[in-house]
Structures are given as C-alpha cells and as structure tokens.
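Visitor: Provided herewith is a single structure, encoded as structure tokens, for subsequent inquiry.
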Amino acid sequence: MHFSFPVEMGPRGAWAQYVILEPYTHIWDMSEISPEATTFAEINVVGLRQVNRALTLAAVSSFTREFELGDAVVLIYGAGPIGNAVLLNVKRHLPLSTVIMVDLKDHRLEVAKENGADYTINFAKTTPTERENMIKDITLRKPRPDLGSAWGVDLLFDCTGRNANDVIPEGIKMCRPGAIFIETGAYVYKTTGTFTIDPHEFCSRELIICSGWAYPFSTIDLAVRMLKKDKDLQRKYAKMITHKHALEEGMSAIESCIRAEGVKHVFDPWK
C-alpha cells in the first residue's frame, strides 16, 4: 500500500522533534526495541522484504538445488545500512550461506564482517578482472555438478544506490545460470545513473531479475516482531550507528553520508 500527500499539506518528514500523523495511521509498538535499534526498524523491513522476494523467486526457479540445501553463495554490492540489513536477513534465513560483500570503504566492510560476511572485497582497490577471479574462485569451491563448467553466485543484491553502470553489468556477469538478481539500491530517481549491457549477458544466464522499492504492512509487522524478539539483532543494528547529529547539522550530516563516512547517521532531535 502506498500513501502520498499533496505538496500543499506541508513537510511530512521525520527529521523533527514531533511528527505529524494522518488519521488512521498504523502505529507499531516499539517499546521493546532500543531507541538505537529503532532507527533501523524500516531498514530491517527493506532487508527482510528483499531476501523474502529472492527466496520466493528461487523456489519457483528451475535451478533450485543450491537453494534447497540452503548453502547458496550470495553477493551483495554495498555495505551501508541497507546492504548490512540484507546481509543480516540472509544469514538469518540461510545460515549456511556464503556471503560476499563488496564496497568502496574498508570501514564498512569491517562492519559487514562483524555481521557475518564470509568474504569482503574493496571495489576501489580491485580491478573488474580481479573481482571476477576472486568471486569465481569462491563459487567454484562449492560442489555443483549440475552446473558443469559454469560458475557464479546464486543470489545477488545491488544495495549501492549509485554507480549503476559500474555495478549492474558487472553483477550480472558474476551470476551463475538461473541466479536471482535483486535491484535494491535505486530508491531515488536518477541518482543511481544508467547502465548499458548486451542483453545476451542475462539471457544466456536465464537470470531472474527483480526490483524492490516498497513493502506491505505484513512485512513491516514481521520485521518489527523480529527486532522485538531478537536482542542480538538489536545490538548489531545499534552498533552500526557511527554518527549522531543535531537537527541544525542537517546539511553537514547529508554531506557526510554522501562521502560514505561511517555507516549509519542518525538525528538526535533533542540534542
């Protein structure tokens, strides 16, 4: 379900001490979740939604052996809050999976390691050929007689929100036949950029390509209940907060985020 408000109704953002709610707004009780972990509540919804979609698509794919065993190889581009939320939900649903995280910043990759990533690759410090060889080597360690000489990851999530022409064509080439490619990062119009690719690259792999942008109330409810019950998950999310800003620091906070400083930035409206 989507909600939209006309411009004349004024700002509806949450960067404030108080937030205006429309009549009949659905409100979830967050009292059992720490204030720090609560700042990740919506991000956890995104991670859960994308992983659920990937597993649903895998269930109807003709290439299901690896998914049935639960030992899928997962590649995640982007180790920011969204990428780490996807990582945590992958490890929750597929504890035997092998997860490869790719990012431009070492400090974000260190956080991903703490959250369960098995391998990390710094995009800025490697060439496309080096990344391809590294991922090929990791995937070929899995026994997959049904793939023959083919290689590649089973699930791929693009959580970067930028540099589409660098990430998406490369990601497609990292997928094995029948893989699931979930585009998660392109949330804001035009900021991701465009990309060019020969359609043969995904046709020959018989990829299932899906995008994610919104989610139903049922996923929100499940994600909130997950946070309430899992105190360790709350701790992991809270630990990702690296910057706390006063409302007056809005522009500098945004600029810091754009530079990918830290991992999660939050506002303390009473600071």
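The way I read the labels, and the way they are meant: chains A, B, ... in the order of the structure tokens, residue 1 as the first residue of every chain, and ligand 1 as the first ligand shown, with later ones counted on from there.
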Please provide the set of residues having any atom within 7 Å of region 118-120 of chain A, restricted to only C-alpha atoms, with same-chain residues fewer than 2 positions apart removed, written as number ranges by chain.
Guide: A: 98-102, 109, 113, 116, 122
Visitor: Just the helix (DSSP H, G or I) stuff from region 32-255 of chain A, please, per backbone DSSP, written as a ChimeraX atom specification.
Guide: /A:35-38,41-60,65-69,81-93,106-114,123-125,128-140,145-147,164-173,200-203,217-229,231-239,247-255
Visitor: With only C-alpha atoms as the counted atoms, please give the residues lying no more than 10 Å from region 191-205 of chain A, apart from itself and same-chain residues fewer than 5 positions off, as a VMD selection string.
Guide: chain A and resid 150 152 160 to 170 172 to 173 175 to 179 181 185 to 186
Visitor: With only C-alpha atoms as the atoms that count, which of A:Asp137, A:Asp146, A:Glu36, A:Glu132 lies nearest to Gly171 (chain A)?
Guide: A:Glu132
Visitor: Tell me, in Å to one decimal, how far CA of Leu55 (chain A) is from CA of Lys136 (chain A).
Guide: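 Between these atoms lies a distance of 22.3 Å.
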Visitor: From the options A:Gln50, A:Thr25, A:Ile121, A:Gly80, which residue's atoms come nearest to His93 (chain A), counting only C-alpha atoms?
Guide: A:Gln50
Visitor: I'd like the interatomic distance between CA of Val73 (chain A) and CA of Ala37 (chain A), to a tenth of an Å.
Guide: 27.9 Å
Visitor: Which residue is closest to Pro143 (chain A)? Choose from A:Asp71, A:Asp221, A:Glu255, A:Asp158 and count only C-alpha atoms.
Guide: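 Selected residue with least distance to Pro143 (chain A): A:Asp71.
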Visitor: Choose the residue, out of A:Val263, A:Ala238, A:Leu140, A:Ala14, that has the smallest atom-to-atom separation from Pro35 (chain A); count only C-alpha atoms.
Guide: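 The shortest atom-to-atom distance to Pro35 (chain A) comes from A:Ala238.
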Visitor: Using only C-alpha atoms, which residue out of A:Pro269, A:Gly262, A:Gly148, A:Gly212 lies closest to His245 (chain A)?
Guide: A:Pro269
Visitor: Determine the nearest neighbour of Asn133 (chain A) from the options A:Leu247, A:Ala112, A:Ala41, A:Met174, counting only C-alpha atoms.
Guide: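 Among the listed residues, the smallest separation from Asn133 (chain A) belongs to A:Met174.
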Visitor: Could you list, with a cut-off of 7 Å and counting only C-alpha atoms, the residues of region 133-207 of chain A near region 74-78 of chain A, each shown with its nearest atom pair and the distance in Å rounded to one decimal, rows sorted by chain and ascending number, as JSON lines?
Guide:
{"residue": "A:Val153", "atom": "CA", "partner": "A:Val74", "partner_atom": "CA", "distance": 5.8}
{"residue": "A:Asp154", "atom": "CA", "partner": "A:Val74", "partner_atom": "CA", "distance": 6.0}
{"residue": "A:Leu155", "atom": "CA", "partner": "A:Val74", "partner_atom": "CA", "distance": 4.8}
{"residue": "A:Leu156", "atom": "CA", "partner": "A:Leu75", "partner_atom": "CA", "distance": 4.7}
{"residue": "A:Phe157", "atom": "CA", "partner": "A:Ile76", "partner_atom": "CA", "distance": 4.8}
{"residue": "A:Asp158", "atom": "CA", "partner": "A:Tyr77", "partner_atom": "CA", "distance": 4.9}
{"residue": "A:Cys159", "atom": "CA", "partner": "A:Gly78", "partner_atom": "CA", "distance": 4.9}
{"residue": "A:Thr160", "atom": "CA", "partner": "A:Gly78", "partner_atom": "CA", "distance": 4.5}
Visitor: Using C-alpha atoms, can you write the selected residues to a file as a PDB file, in the first residue's frame?
Guide:
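File produced: out-v1.pdb:
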ATOM      1  CA  VAL A 153      26.672 -16.615  -7.351  1.00  0.00           C
ATOM      2  CA  ASP A 154      23.157 -17.848  -6.627  1.00  0.00           C
ATOM      3  CA  LEU A 155      21.703 -14.609  -5.262  1.00  0.00           C
ATOM      4  CA  LEU A 156      22.848 -11.066  -5.925  1.00  0.00           C
ATOM      5  CA  PHE A 157      21.629  -7.877  -4.252  1.00  0.00           C
ATOM      6  CA  ASP A 158      22.620  -4.437  -5.507  1.00  0.00           C
ATOM      7  CA  CYS A 159      22.331  -2.165  -2.467  1.00  0.00           C
ATOM      8  CA  THR A 160      24.617   0.637  -3.646  1.00  0.00           C
TER       9      THR A 160
END
